[in-house]
Structure formats: structure tokens, C-alpha cells
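Colleague: Here you go, work_35.cif (mmCIF, C-alpha atoms):
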data_final
#
loop_
_atom_site.label_atom_id
_atom_site.label_comp_id
_atom_site.auth_asym_id
_atom_site.auth_seq_id
_atom_site.Cartn_x
_atom_site.Cartn_y
_atom_site.Cartn_z
CA MET A 7 -13.60 41.84 52.10
CA CYS A 8 -16.14 40.21 54.43
CA ARG A 9 -19.33 38.21 54.07
CA PHE A 10 -22.20 37.84 56.52
CA MET A 11 -25.45 35.91 56.83
CA ILE A 12 -28.47 36.12 59.12
CA TYR A 13 -31.05 33.49 59.92
CA LYS A 14 -34.29 34.23 61.74
CA GLY A 15 -36.94 31.58 62.05
CA LYS A 16 -40.05 30.67 63.97
CA GLU A 17 -38.48 27.28 64.65
CA PRO A 18 -34.85 26.73 65.69
CA MET A 19 -32.37 25.33 63.18
CA MET A 20 -29.13 23.49 63.75
CA LEU A 21 -26.15 25.71 63.10
CA SER A 22 -24.69 22.99 60.86
CA ASP A 23 -27.66 23.37 58.47
CA LEU A 24 -26.84 27.07 58.21
CA LEU A 25 -23.06 27.27 58.38
CA THR A 26 -21.30 24.07 57.35
CA LYS A 27 -23.49 21.60 55.47
CA PRO A 28 -24.89 23.69 52.56
CA ALA A 29 -22.62 23.55 49.52
CA HIS A 30 -22.63 27.35 49.29
CA SER A 31 -22.82 28.14 52.99
CA ILE A 32 -21.01 31.20 54.29
CA ILE A 33 -18.21 28.93 55.52
CA ASN A 34 -17.74 27.42 52.07
CA GLN A 35 -17.96 30.90 50.54
CA SER A 36 -15.05 31.94 52.75
CA PHE A 37 -12.84 29.30 51.13
CA ASP A 38 -14.03 29.11 47.55
CA SER A 39 -16.31 31.92 46.50
CA ARG A 40 -16.82 31.69 42.79
CA LEU A 41 -18.39 35.13 43.00
CA ARG A 42 -15.42 37.05 44.39
CA ILE A 43 -13.33 39.24 42.11
CA ASP A 44 -11.17 40.85 44.80
CA MET A 45 -7.73 39.54 43.84
CA ARG A 46 -6.08 41.27 46.82
CA ASN A 47 -7.98 39.10 49.29
CA PRO A 48 -9.60 36.29 47.27
CA ILE A 49 -10.26 34.20 50.40
CA ASN A 50 -12.05 35.20 53.62
CA GLY A 51 -9.45 33.58 55.85
CA ASP A 52 -8.83 36.28 58.48
CA GLY A 53 -11.11 34.82 61.11
CA PHE A 54 -14.83 34.31 61.58
CA GLY A 55 -17.55 34.66 64.15
CA VAL A 56 -20.94 33.14 64.94
CA GLY A 57 -23.51 34.74 67.22
CA TYR A 58 -26.79 33.16 68.23
CA TYR A 59 -29.62 33.50 70.71
CA ARG A 60 -31.18 30.79 72.86
CA LYS A 61 -34.55 30.97 74.61
CA LEU A 62 -34.22 32.56 78.06
CA ASP A 63 -30.43 32.63 77.62
CA GLN A 64 -27.95 35.40 77.01
CA PRO A 65 -26.69 35.68 73.42
CA CYS A 66 -23.65 33.55 72.64
CA ILE A 67 -20.62 34.44 70.53
CA PHE A 68 -17.95 32.11 69.14
CA LYS A 69 -14.97 33.69 67.33
CA ALA A 70 -11.65 32.41 66.04
CA ILE A 71 -8.78 33.72 63.93
CA THR A 72 -8.31 30.39 62.18
CA PRO A 73 -9.97 29.99 58.79
CA ALA A 74 -13.62 29.03 59.27
CA TRP A 75 -13.40 26.00 56.97
CA ASN A 76 -10.63 24.46 59.07
CA ASN A 77 -11.94 24.92 62.61
CA VAL A 78 -12.76 21.68 64.43
CA ASN A 79 -14.50 23.50 67.27
CA LEU A 80 -16.90 25.21 64.86
CA ASN A 81 -17.90 21.86 63.38
CA SER A 82 -18.47 20.41 66.82
CA LEU A 83 -20.47 23.43 68.00
CA SER A 84 -22.64 23.61 64.88
CA ASN A 85 -23.58 19.93 65.11
CA CYS A 86 -25.06 20.24 68.59
CA THR A 87 -26.46 23.79 68.71
CA GLU A 88 -29.74 25.17 67.40
CA SER A 89 -31.18 28.67 67.46
CA LEU A 90 -34.01 30.87 66.25
CA LEU A 91 -31.65 33.72 65.37
CA VAL A 92 -28.10 33.39 64.04
CA PHE A 93 -25.49 35.89 62.84
CA GLY A 94 -22.52 34.52 60.88
CA HIS A 95 -19.52 36.48 59.58
CA VAL A 96 -16.31 35.60 57.73
CA ARG A 97 -13.54 38.18 57.52
CA ALA A 98 -11.01 39.32 54.96
CA SER A 99 -9.36 42.17 56.82
CA THR A 100 -9.06 45.67 55.39
CA GLN A 101 -8.39 47.38 58.72
CA GLY A 102 -6.99 46.01 61.96
CA VAL A 103 -4.68 43.13 62.76
CA LEU A 104 -5.62 39.46 62.81
CA SER A 105 -7.15 38.95 66.26
CA GLU A 106 -10.34 37.67 67.82
CA THR A 107 -11.19 41.18 69.03
CA ASN A 108 -11.42 42.27 65.38
CA CYS A 109 -13.76 39.44 64.35
CA HIS A 110 -17.50 40.00 64.03
CA PRO A 111 -20.15 39.90 65.34
CA PHE A 112 -19.72 42.36 68.19
CA LEU A 113 -21.87 41.98 71.29
CA TYR A 114 -22.96 44.45 74.00
CA GLY A 115 -25.76 43.37 76.30
CA ARG A 116 -28.31 41.84 73.97
CA ILE A 117 -27.27 43.97 70.98
CA MET A 118 -25.34 42.12 68.27
CA PHE A 119 -23.73 43.92 65.31
CA MET A 120 -21.94 43.04 62.04
CA HIS A 121 -20.54 45.10 59.17
CA ASN A 122 -19.59 44.34 55.58
CA GLY A 123 -17.73 47.11 53.76
CA GLY A 124 -15.53 49.90 55.04
CA VAL A 125 -15.53 53.50 56.24
CA SER A 126 -13.55 55.62 53.81
CA SER A 127 -10.61 57.57 55.31
CA PHE A 128 -11.49 56.16 58.70
CA ASP A 129 -8.14 57.17 60.18
CA ARG A 130 -9.10 60.81 59.57
CA ILE A 131 -12.47 60.63 61.33
CA LYS A 132 -11.71 58.09 64.05
CA LYS A 133 -10.84 60.71 66.66
CA LYS A 134 -14.08 62.60 66.01
CA LEU A 135 -16.06 59.40 66.43
CA MET A 136 -14.23 58.51 69.65
CA ASN A 137 -14.86 61.98 71.11
CA HIS A 138 -18.54 61.71 70.24
CA VAL A 139 -19.38 58.51 72.13
CA GLU A 140 -19.87 58.15 75.88
CA ASP A 141 -16.96 56.75 77.90
CA LYS A 142 -18.58 53.36 78.48
CA PHE A 143 -18.90 52.82 74.73
CA PHE A 144 -15.39 54.10 74.13
CA THR A 145 -14.00 51.51 76.57
CA PHE A 146 -16.16 48.84 74.88
CA ILE A 147 -13.83 49.03 71.86
CA GLN A 148 -11.16 46.33 72.21
CA GLY A 149 -9.97 45.93 68.63
CA SER A 150 -8.70 48.21 65.89
CA THR A 151 -11.36 48.03 63.18
CA ASP A 152 -13.68 50.66 61.79
CA SER A 153 -16.51 48.13 62.20
CA GLU A 154 -16.22 47.91 65.99
CA CYS A 155 -16.15 51.71 66.18
CA CYS A 156 -19.35 51.80 64.11
CA CYS A 157 -20.87 49.37 66.61
CA ALA A 158 -19.85 51.64 69.52
CA LEU A 159 -21.40 54.61 67.70
CA LEU A 160 -24.66 52.68 67.25
CA LEU A 161 -24.72 51.76 70.95
CA ASP A 162 -24.08 55.38 71.87
CA THR A 163 -26.89 56.48 69.54
CA LEU A 164 -29.34 54.06 71.18
CA TYR A 165 -28.30 55.32 74.61
CA LYS A 166 -28.78 58.97 73.65
CA MET A 167 -32.21 58.09 72.23
CA GLY A 168 -33.18 56.84 75.70
CA TYR A 169 -32.61 53.11 75.14
CA ASP A 170 -29.81 51.80 77.33
CA PRO A 171 -28.27 48.76 75.58
CA GLU A 172 -26.68 47.71 78.87
CA ASP A 173 -30.04 47.34 80.65
CA PRO A 174 -31.46 43.84 80.04
CA SER A 175 -35.01 45.15 80.55
CA THR A 176 -34.73 47.62 77.66
CA VAL A 177 -37.21 46.93 74.86
CA PHE A 178 -36.01 48.09 71.44
CA GLY A 179 -38.09 46.75 68.56
CA HIS A 180 -37.41 47.14 64.87
CA LYS A 181 -38.52 50.79 64.71
CA VAL A 182 -36.02 51.89 67.36
CA LEU A 183 -33.21 49.82 65.83
CA ARG A 184 -34.01 51.25 62.41
CA GLN A 185 -33.99 54.84 63.67
CA ALA A 186 -30.72 54.34 65.56
CA THR A 187 -29.06 52.73 62.53
CA LEU A 188 -30.14 55.63 60.30
CA ARG A 189 -28.72 58.15 62.77
CA THR A 190 -25.47 56.19 62.97
CA ILE A 191 -25.14 56.17 59.19
CA ASP A 192 -25.90 59.89 59.08
CA LEU A 193 -23.10 60.69 61.55
CA ILE A 194 -20.55 58.55 59.68
CA LYS A 195 -21.65 60.01 56.36
CA THR A 196 -21.32 63.58 57.63
CA TRP A 197 -17.84 63.07 59.08
CA GLN A 198 -16.60 61.12 56.07
CA CYS A 199 -17.86 63.64 53.52
CA GLU A 200 -15.99 66.39 55.36
CA VAL A 201 -12.62 64.74 54.61
CA THR A 202 -13.03 62.72 51.41
CA GLU A 203 -15.29 62.07 48.45
CA GLU A 204 -14.35 58.38 48.32
CA PRO A 205 -17.51 56.40 49.19
CA SER A 206 -18.00 54.41 52.38
CA LEU A 207 -19.70 51.04 52.11
CA LEU A 208 -21.97 50.53 55.11
CA ASN A 209 -23.80 47.21 55.08
CA PHE A 210 -24.77 47.01 58.76
CA ALA A 211 -26.66 44.25 60.58
CA VAL A 212 -27.99 44.75 64.10
CA THR A 213 -30.35 42.77 66.34
CA ASP A 214 -31.65 42.78 69.90
CA GLY A 215 -32.52 39.09 69.75
CA GLU A 216 -36.11 39.80 68.68
CA SER A 217 -35.92 42.11 65.65
CA VAL A 218 -33.24 42.53 62.98
CA VAL A 219 -32.26 45.57 60.89
CA VAL A 220 -29.90 45.30 57.89
CA THR A 221 -28.71 48.02 55.54
CA ARG A 222 -27.29 48.04 52.04
CA TYR A 223 -25.77 51.50 51.81
CA ILE A 224 -23.04 53.54 50.13
CA THR A 225 -22.21 57.24 50.34
CA SER A 226 -22.47 57.63 46.59
CA LYS A 227 -25.22 58.35 44.10
CA THR A 228 -23.43 56.68 41.19
CA ASP A 229 -21.98 53.48 42.70
CA GLU A 230 -23.60 50.32 43.95
CA ALA A 231 -23.24 49.22 47.55
CA ALA A 232 -21.91 45.80 48.57
CA SER A 233 -24.35 43.12 47.51
CA LEU A 234 -27.17 41.99 49.79
CA HIS A 235 -29.93 39.44 49.27
CA PHE A 236 -32.81 38.02 51.27
CA SER A 237 -35.04 34.97 51.09
CA THR A 238 -38.23 33.97 52.87
CA GLY A 239 -40.31 30.83 52.97
CA LEU A 240 -41.93 28.06 54.96
CA ARG A 241 -38.75 26.08 55.65
CA PHE A 242 -35.14 25.65 54.55
CA LEU A 243 -34.65 22.05 53.47
CA GLU A 244 -31.94 19.77 52.11
CA TYR A 245 -33.18 18.10 48.92
CA GLU A 246 -29.86 16.51 47.97
CA ASP A 247 -26.67 15.98 49.90
CA GLY A 248 -25.31 19.47 50.56
CA LEU A 249 -27.95 21.16 48.37
CA TYR A 250 -30.62 23.26 50.08
CA LYS A 251 -33.57 25.31 48.91
CA MET A 252 -36.32 27.46 50.36
CA GLU A 253 -39.69 25.70 50.40
CA ARG A 254 -42.65 27.96 49.66
CA LEU A 255 -46.10 26.40 49.94
CA ASN A 256 -47.78 29.69 50.78
CA ARG A 257 -46.83 33.30 51.53
CA SER A 258 -45.54 32.51 55.00
CA GLN A 259 -42.28 33.99 56.27
CA ASP A 260 -41.49 31.36 58.88
CA VAL A 261 -37.86 31.37 57.71
CA VAL A 262 -35.94 34.53 56.76
CA PHE A 263 -32.38 34.69 55.46
CA VAL A 264 -30.33 37.79 54.71
CA ALA A 265 -26.89 37.27 53.17
CA SER A 266 -24.10 39.00 51.28
CA GLU A 267 -24.19 36.11 48.80
CA PRO A 268 -27.09 33.70 48.23
CA LEU A 269 -26.76 30.48 50.20
CA THR A 270 -28.53 28.26 47.67
CA PHE A 271 -28.22 27.55 43.96
CA GLU A 272 -31.91 28.28 43.29
CA ARG A 273 -32.29 31.63 41.53
CA GLY A 274 -35.92 31.97 42.55
CA ASP A 275 -35.06 31.72 46.25
CA TRP A 276 -33.43 35.14 46.47
CA ILE A 277 -34.33 38.81 46.05
CA CYS A 278 -31.63 41.42 45.60
CA VAL A 279 -31.95 44.35 48.00
CA PRO A 280 -31.69 47.68 46.14
CA THR A 281 -28.76 49.95 46.94
CA ASN A 282 -29.37 52.41 49.80
CA THR A 283 -32.20 50.40 51.28
CA MET A 284 -32.87 49.04 54.75
CA ILE A 285 -34.51 45.72 55.62
CA SER A 286 -36.30 45.18 58.93
CA ILE A 287 -37.34 41.76 60.24
CA THR A 288 -39.95 42.21 62.96
CA SER A 289 -40.33 40.01 66.01
CA ASN A 290 -43.06 38.00 64.22
CA ASN A 291 -40.84 37.56 61.11
CA THR A 292 -42.48 40.13 58.85
CA VAL A 293 -39.94 41.56 56.38
CA LEU A 294 -40.14 45.30 55.72
CA MET A 295 -38.09 47.24 53.17
CA HIS A 296 -37.45 50.99 53.45
CA PRO A 297 -35.45 53.28 51.15
CA ILE A 298 -32.77 55.40 52.82
CA GLU A 299 -33.80 58.71 51.30
CA ASP A 300 -30.89 61.08 51.74
CA GLU A 301 -28.65 62.94 49.29
CA PHE A 302 -27.32 59.60 47.99
CA TRP A 303 -30.73 58.08 47.34
CA SER A 304 -31.68 57.28 43.76
CA ASP A 305 -35.24 56.54 42.70
CA GLY A 306 -34.05 53.81 40.35
CA LEU A 307 -33.90 55.95 37.22
CA ALA A 308 -30.24 56.89 37.55
CA GLU A 309 -27.71 54.22 36.69
CA ARG A 310 -25.23 52.96 39.28
CA SER A 311 -21.88 51.36 38.51
CA SER A 312 -20.92 48.06 40.09
CA GLY A 313 -17.21 48.71 39.49
CA LEU A 314 -16.29 49.94 42.98
CA ALA A 315 -18.02 47.13 44.86
CA MET A 316 -16.66 44.50 42.47
CA SER A 317 -13.12 45.85 42.78
CA LYS A 318 -13.36 45.35 46.55
CA GLY A 319 -14.80 41.85 46.24
CA LEU A 320 -18.19 42.94 47.57
CA MET A 321 -20.50 41.95 44.74
CA GLY A 322 -22.07 38.50 44.50
CA GLY A 323 -25.10 36.80 43.01
CA VAL A 324 -26.64 33.35 42.65
CA PRO A 325 -23.89 30.75 42.09
CA THR A 326 -23.90 27.82 39.66
CA LYS A 327 -24.36 24.31 41.02
CA PRO A 328 -21.17 22.27 41.38
CA ASN A 329 -20.23 20.20 38.34
CA THR A 330 -22.74 22.11 36.24
CA LYS A 331 -21.67 23.86 33.06
CA PRO A 332 -23.33 27.29 32.87
CA SER A 333 -25.49 27.92 29.86
CA ALA A 334 -25.08 31.05 27.77
CA GLU A 335 -27.99 32.53 29.70
CA ASP A 336 -26.21 31.95 33.00
CA GLU A 337 -22.83 33.38 32.08
CA VAL A 338 -23.24 36.28 34.48
CA ASP A 339 -24.13 34.04 37.42
CA SER A 340 -21.17 35.51 39.26
CA THR A 341 -22.99 38.84 39.50
CA VAL A 342 -26.42 40.01 40.51
CA ALA A 343 -27.25 41.01 36.94
CA HIS A 344 -30.43 38.95 36.56
CA LEU A 345 -31.71 39.14 40.12
CA PRO A 346 -34.79 41.23 40.73
CA PRO A 347 -35.34 44.11 41.10
CA LEU A 348 -32.84 45.08 38.40
CA GLU A 349 -34.79 48.08 37.21
CA ARG A 350 -35.03 49.63 40.67
CA GLU A 351 -31.24 49.79 40.85
CA GLY A 352 -30.86 51.27 37.36
CA ARG A 353 -28.33 48.61 36.34
CA ARG A 354 -27.57 47.02 32.98
CA ALA A 355 -26.55 43.39 32.64
CA SER A 356 -24.13 44.27 29.85
CA GLU A 357 -22.28 46.70 32.13
CA ILE A 358 -21.89 44.14 34.92
CA ALA A 359 -20.92 41.27 32.64
CA SER A 360 -18.13 43.34 31.13
#
Translate this file's structure into C-alpha cells.
Modeller:
Amino acid sequence: MCRFMIYKGKEPMMLSDLLTKPAHSIINQSFDSRLRIDMRNPINGDGFGVGYYRKLDQPCIFKAITPAWNNVNLNSLSNCTESLLVFGHVRASTQGVLSETNCHPFLYGRIMFMHNGGVSSFDRIKKKLMNHVEDKFFTFIQGSTDSECCCALLLDTLYKMGYDPEDPSTVFGHKVLRQATLRTIDLIKTWQCEVTEEPSLLNFAVTDGESVVVTRYITSKTDEAASLHFSTGLRFLEYEDGLYKMERLNRSQDVVFVASEPLTFERGDWICVPTNTMISITSNNTVLMHPIEDEFWSDGLAERSSGLAMSKGLMGGVPTKPNTKPSAEDEVDSTVAHLPPLEREGRRASEIAS
């Protein structure tokens, strides 16, 4: 399946330092993820997309159906472009044909959206979703993926809340984005549960260029959602050729990353987001974490199985440095077994390692 990453900083960073140069960047993950166990689609080679915001400019999107690791234009763009807020996505298709219209992120006005996962039995609820949204959001849909339809549903939800995503003067903020995302999930969950018990994996990422909201969610009380991690610090620096780490000299959150898989080889850089939890990054870079307390919420006491997410190639943890032999302690580096907060997710390392 897919992978995404988000960068939000108080200072702009070159796209190359986020996408191409790090040894475990999302682009390198797309070609050689040592964490992926999805043997149906072991490589994210079905296109990619990069979205970024510039000061006083409209958001920019670059998409291609060529593999991300082999795109000359991406290398050229990333070496001469910097931004305070970047969305990156690599795709291994589960729905929809190979086309640029099916690549993430999706953009409408200043709203940018990405999805990692899949809506279960989407073909059986697609018509209901299409009938629910306003015409202008229905015609927004150009591709054939469940993800773009989820984006249209989110836009429609914002509009019906009184926040027109088409109006450039509309002010959203993280609270509005969070509320709209929760309502969108609730609609999808309701429609899906009417037709099937198979869980939907809904890791959504949405931004208005100022705030960011990201979910790690699954319509199940016994399964884990697709993996999600975040990292904060003073700056993201290269300490060896191709090797990066998060520098922390104080408790500042000048740099915030959210990613399906960690982008560095430093275990202490990353925190695993608990299943059925939402992260908000405010306009001043404060990171907030909120549980999604519905019928699928678990307080951390009940155990969740990683089997479903792993079978779909959606579970990843801190990788091992290149040319480094893992120690016995690190043998489960290809999972999130030892990442905090293990207890809050009710998971056992022995279960994941097996």
C-alpha cells in the first residue's frame, strides 16, 4: 500500500533534505522498504506526489506516475525548492488505475489531503457517498480511488459546517479541521459498517497551509491501524552523508515530522501514535494528540493484533542503519514493537515478532 510523510517547520527546508537525500526518505522507502511485508505490492512504484506551500503563494502540487526514485524532474525540483510545509506520498495502488489523477496529495483551494489505507467494500458504499456530497465536490473527483472520494467528503463536510474550502479568505484552524475529519470518518464508518464487518484503514492527513491534522484509525477494536509516527525537535540535520537525525537541545517543536515509517535510523527520534488517535499540529507548531473515542476506541487495556495491517504492508518501525548487522535486541526493528507507547496500544513484542 502507500506511504506518506509530512514536514512542518518554523524555517523552510529544501525538499531534497526531506525527500531524496536521507537514506530512509520516503522516496527510498518506495523502492526498498525493509519494513514492508506486503508481498503483493512490495514496492511503492505506482506513482507519487509532493505538495508544498510557499509564503504568499498558492499551494503547489507535483505528481507523476513514474516511480519516485527514477524521476529526474523530482530531483531537479527538490534541489531548488524549499518550504515550511510539505506533504509527500508514494503509492502502491489498491484501487484505481495508474494515472496522475489517482496520485496523492489532492488539492482543493488551500486544502491538501492524503490517505494511507483503504475503505473496505468501497464499491458498495461509493454511490451513497457520491449522493451525499454537493455537486461541486462531486465534479472535483477526477480519478477512481476511494482516497479522492474521501477527500471530496471532507471538503463537503467543511462546507456544510460553514467553512467554504473554495473561498481563499476562509480561516480554518486545527480545531475546525479536526472536527471535519472526525465527521468524515464517522460517515465512512457508518456506511461501511452497514455493508461489511471488514475493517477500513483510515490514516488521513489534511492541511490548510497553516495547521495539520493526521489520523491513525481503523474500524476495528481488535486490529491495529496502519503505522504512524511523529518526531519533533529543534532542527533536522545531516550528521553523515545521507544520515539524518532530529536535534533536541530543548523542548522546542520548531520541526515536526509525521510519517508512515520513521525517516531516520535513530530510535529515540520517533514516537509511535496509538491506534485510533488523531494528531493536530497548530499554526505555531504545537503538537496535540487526541483519542478518537467511538465504538472502536480502546483504552489501551485490550490487545490489538498487528496481523491485518502487516498483511497489507501497512506496518513499519525504526529501520536498521545500512551495512549494520542487527543485534539480538534489534531483531524486531522491522516492526513498531519497541516504540513507545507500547502499553497504550495493548501490544506484545512476541506477537509482532512472530
Colleague: Would you translate the PyMOL selection byres ((chain A and resi 190-207) around 10) into the concrete set of residues it matches in this file, as a PyMOL selection string?
Modeller: chain A and resi 121-128+130-132+134-135+138+156-164+184-189+208-210+221-232+298+300+314-315+320
Colleague: Identify all residues satisfying the PyMOL selection byres ((chain A and resi 92) around 10) in the given file; provide them as a PDB file with C-alpha atoms, in the coordinates of the input.
Modeller:
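Output contents, as saved in expr26.pdb:
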ATOM      1  CA  MET A  11     -25.450  35.910  56.830  1.00  0.00           C
ATOM      2  CA  ILE A  12     -28.470  36.120  59.120  1.00  0.00           C
ATOM      3  CA  TYR A  13     -31.050  33.490  59.920  1.00  0.00           C
ATOM      4  CA  LYS A  14     -34.290  34.230  61.740  1.00  0.00           C
ATOM      5  CA  GLY A  15     -36.940  31.580  62.050  1.00  0.00           C
ATOM      6  CA  PRO A  18     -34.850  26.730  65.690  1.00  0.00           C
ATOM      7  CA  MET A  19     -32.370  25.330  63.180  1.00  0.00           C
ATOM      8  CA  MET A  20     -29.130  23.490  63.750  1.00  0.00           C
ATOM      9  CA  LEU A  21     -26.150  25.710  63.100  1.00  0.00           C
ATOM     10  CA  LEU A  24     -26.840  27.070  58.210  1.00  0.00           C
ATOM     11  CA  LEU A  25     -23.060  27.270  58.380  1.00  0.00           C
ATOM     12  CA  VAL A  56     -20.940  33.140  64.940  1.00  0.00           C
ATOM     13  CA  GLY A  57     -23.510  34.740  67.220  1.00  0.00           C
ATOM     14  CA  TYR A  58     -26.790  33.160  68.230  1.00  0.00           C
ATOM     15  CA  TYR A  59     -29.620  33.500  70.710  1.00  0.00           C
ATOM     16  CA  ARG A  60     -31.180  30.790  72.860  1.00  0.00           C
ATOM     17  CA  PRO A  65     -26.690  35.680  73.420  1.00  0.00           C
ATOM     18  CA  CYS A  66     -23.650  33.550  72.640  1.00  0.00           C
ATOM     19  CA  ILE A  67     -20.620  34.440  70.530  1.00  0.00           C
ATOM     20  CA  GLU A  88     -29.740  25.170  67.400  1.00  0.00           C
ATOM     21  CA  SER A  89     -31.180  28.670  67.460  1.00  0.00           C
ATOM     22  CA  LEU A  90     -34.010  30.870  66.250  1.00  0.00           C
ATOM     23  CA  LEU A  91     -31.650  33.720  65.370  1.00  0.00           C
ATOM     24  CA  PHE A  93     -25.490  35.890  62.840  1.00  0.00           C
ATOM     25  CA  GLY A  94     -22.520  34.520  60.880  1.00  0.00           C
ATOM     26  CA  THR A 213     -30.350  42.770  66.340  1.00  0.00           C
ATOM     27  CA  GLY A 215     -32.520  39.090  69.750  1.00  0.00           C
ATOM     28  CA  PHE A 263     -32.380  34.690  55.460  1.00  0.00           C
TER      29      PHE A 263
END
Colleague: Applying 9 Å and all atoms listed in the file, which residues near region 248-258 of chain A remain after dropping the ones on its own chain fewer than 2 positions away? List them as an MDAnalysis selection string.
Modeller: chainID A and resid 23 27:30 237:246 260:261 269:272 275 327
Colleague: Could you tell me how far CA of Val264 (chain A) sits from CA of Leu234 (chain A), in Å to one decimal place?
Modeller: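 For CA of Leu234 (chain A) relative to CA of Val264 (chain A), the distance reads 7.2 Å.
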Colleague: Kindly extract all protein, DNA and RNA residues lying within 6 Å of the coordinates (-34.9, 39.8, 66.1) given in the file, considering only C-alpha atoms, and supply them as a list in words.
Modeller: Thr213, Asp214, Gly215, Glu216, Ser217, Val218 and Ser289 of chain A
Colleague: Could you state the separation of CA of Ile71 (chain A) and CA of Asn108 (chain A) in Å, given to one decimal place?
Modeller: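 One can read the CA of Ile71 (chain A) to CA of Asn108 (chain A) distance as 9.1 Å.
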Colleague: How would region 288-296 of chain A look with all heavy atoms restored, written as a JSON list (two decimals), in the frame of the given file?
Modeller:
[["chain", "number", "residue", "atom", "x", "y", "z"],
["A", 288, "THR", "N", -39.27, 41.96, 61.69],
["A", 288, "THR", "CA", -39.95, 42.21, 62.96],
["A", 288, "THR", "C", -39.89, 40.97, 63.84],
["A", 288, "THR", "O", -39.47, 39.90, 63.43],
["A", 288, "THR", "CB", -41.41, 42.61, 62.72],
["A", 288, "THR", "OG1", -42.12, 41.47, 62.20],
["A", 288, "THR", "CG2", -41.51, 43.76, 61.72],
["A", 289, "SER", "N", -40.37, 41.12, 65.06],
["A", 289, "SER", "CA", -40.33, 40.01, 66.01],
["A", 289, "SER", "C", -41.20, 38.84, 65.55],
["A", 289, "SER", "O", -40.94, 37.70, 65.92],
["A", 289, "SER", "CB", -40.80, 40.49, 67.39],
["A", 289, "SER", "OG", -42.09, 41.06, 67.32],
["A", 290, "ASN", "N", -42.22, 39.10, 64.73],
["A", 290, "ASN", "CA", -43.06, 38.00, 64.22],
["A", 290, "ASN", "C", -42.65, 37.58, 62.80],
["A", 290, "ASN", "O", -43.42, 36.92, 62.11],
["A", 290, "ASN", "CB", -44.53, 38.39, 64.27],
["A", 290, "ASN", "CG", -44.87, 39.55, 63.36],
["A", 290, "ASN", "OD1", -43.99, 40.11, 62.69],
["A", 290, "ASN", "ND2", -46.13, 39.94, 63.32],
["A", 291, "ASN", "N", -41.44, 37.99, 62.38],
["A", 291, "ASN", "CA", -40.84, 37.56, 61.11],
["A", 291, "ASN", "C", -41.43, 38.22, 59.87],
["A", 291, "ASN", "O", -41.28, 37.72, 58.76],
["A", 291, "ASN", "CB", -40.90, 36.03, 60.93],
["A", 291, "ASN", "CG", -39.62, 35.36, 61.42],
["A", 291, "ASN", "OD1", -39.00, 35.82, 62.38],
["A", 291, "ASN", "ND2", -39.24, 34.28, 60.77],
["A", 292, "THR", "N", -42.07, 39.35, 60.01],
["A", 292, "THR", "CA", -42.48, 40.13, 58.85],
["A", 292, "THR", "C", -41.28, 40.91, 58.33],
["A", 292, "THR", "O", -40.56, 41.54, 59.10],
["A", 292, "THR", "CB", -43.61, 41.11, 59.23],
["A", 292, "THR", "OG1", -44.72, 40.37, 59.73],
["A", 292, "THR", "CG2", -44.04, 41.93, 58.02],
["A", 293, "VAL", "N", -41.06, 40.86, 57.00],
["A", 293, "VAL", "CA", -39.94, 41.56, 56.38],
["A", 293, "VAL", "C", -40.43, 42.87, 55.79],
["A", 293, "VAL", "O", -41.36, 42.90, 54.98],
["A", 293, "VAL", "CB", -39.28, 40.70, 55.28],
["A", 293, "VAL", "CG1", -38.14, 41.46, 54.62],
["A", 293, "VAL", "CG2", -38.77, 39.39, 55.87],
["A", 294, "LEU", "N", -39.81, 43.97, 56.21],
["A", 294, "LEU", "CA", -40.14, 45.30, 55.72],
["A", 294, "LEU", "C", -38.93, 45.87, 55.00],
["A", 294, "LEU", "O", -37.80, 45.68, 55.42],
["A", 294, "LEU", "CB", -40.53, 46.21, 56.88],
["A", 294, "LEU", "CG", -41.63, 45.71, 57.81],
["A", 294, "LEU", "CD1", -41.79, 46.65, 59.00],
["A", 294, "LEU", "CD2", -42.95, 45.57, 57.06],
["A", 295, "MET", "N", -39.17, 46.62, 53.93],
["A", 295, "MET", "CA", -38.09, 47.24, 53.17],
["A", 295, "MET", "C", -38.34, 48.74, 53.07],
["A", 295, "MET", "O", -39.43, 49.18, 52.69],
["A", 295, "MET", "CB", -38.01, 46.62, 51.76],
["A", 295, "MET", "CG", -36.78, 47.03, 50.97],
["A", 295, "MET", "SD", -36.71, 46.25, 49.32],
["A", 295, "MET", "CE", -36.47, 44.53, 49.76],
["A", 296, "HIS", "N", -37.31, 49.54, 53.44],
["A", 296, "HIS", "CA", -37.45, 50.99, 53.45],
["A", 296, "HIS", "C", -36.28, 51.62, 52.70],
["A", 296, "HIS", "O", -35.12, 51.28, 52.97],
["A", 296, "HIS", "CB", -37.43, 51.52, 54.89],
["A", 296, "HIS", "CG", -38.50, 50.93, 55.77],
["A", 296, "HIS", "ND1", -39.76, 51.46, 55.88],
["A", 296, "HIS", "CD2", -38.46, 49.85, 56.59],
["A", 296, "HIS", "CE1", -40.46, 50.75, 56.73],
["A", 296, "HIS", "NE2", -39.69, 49.76, 57.17]]
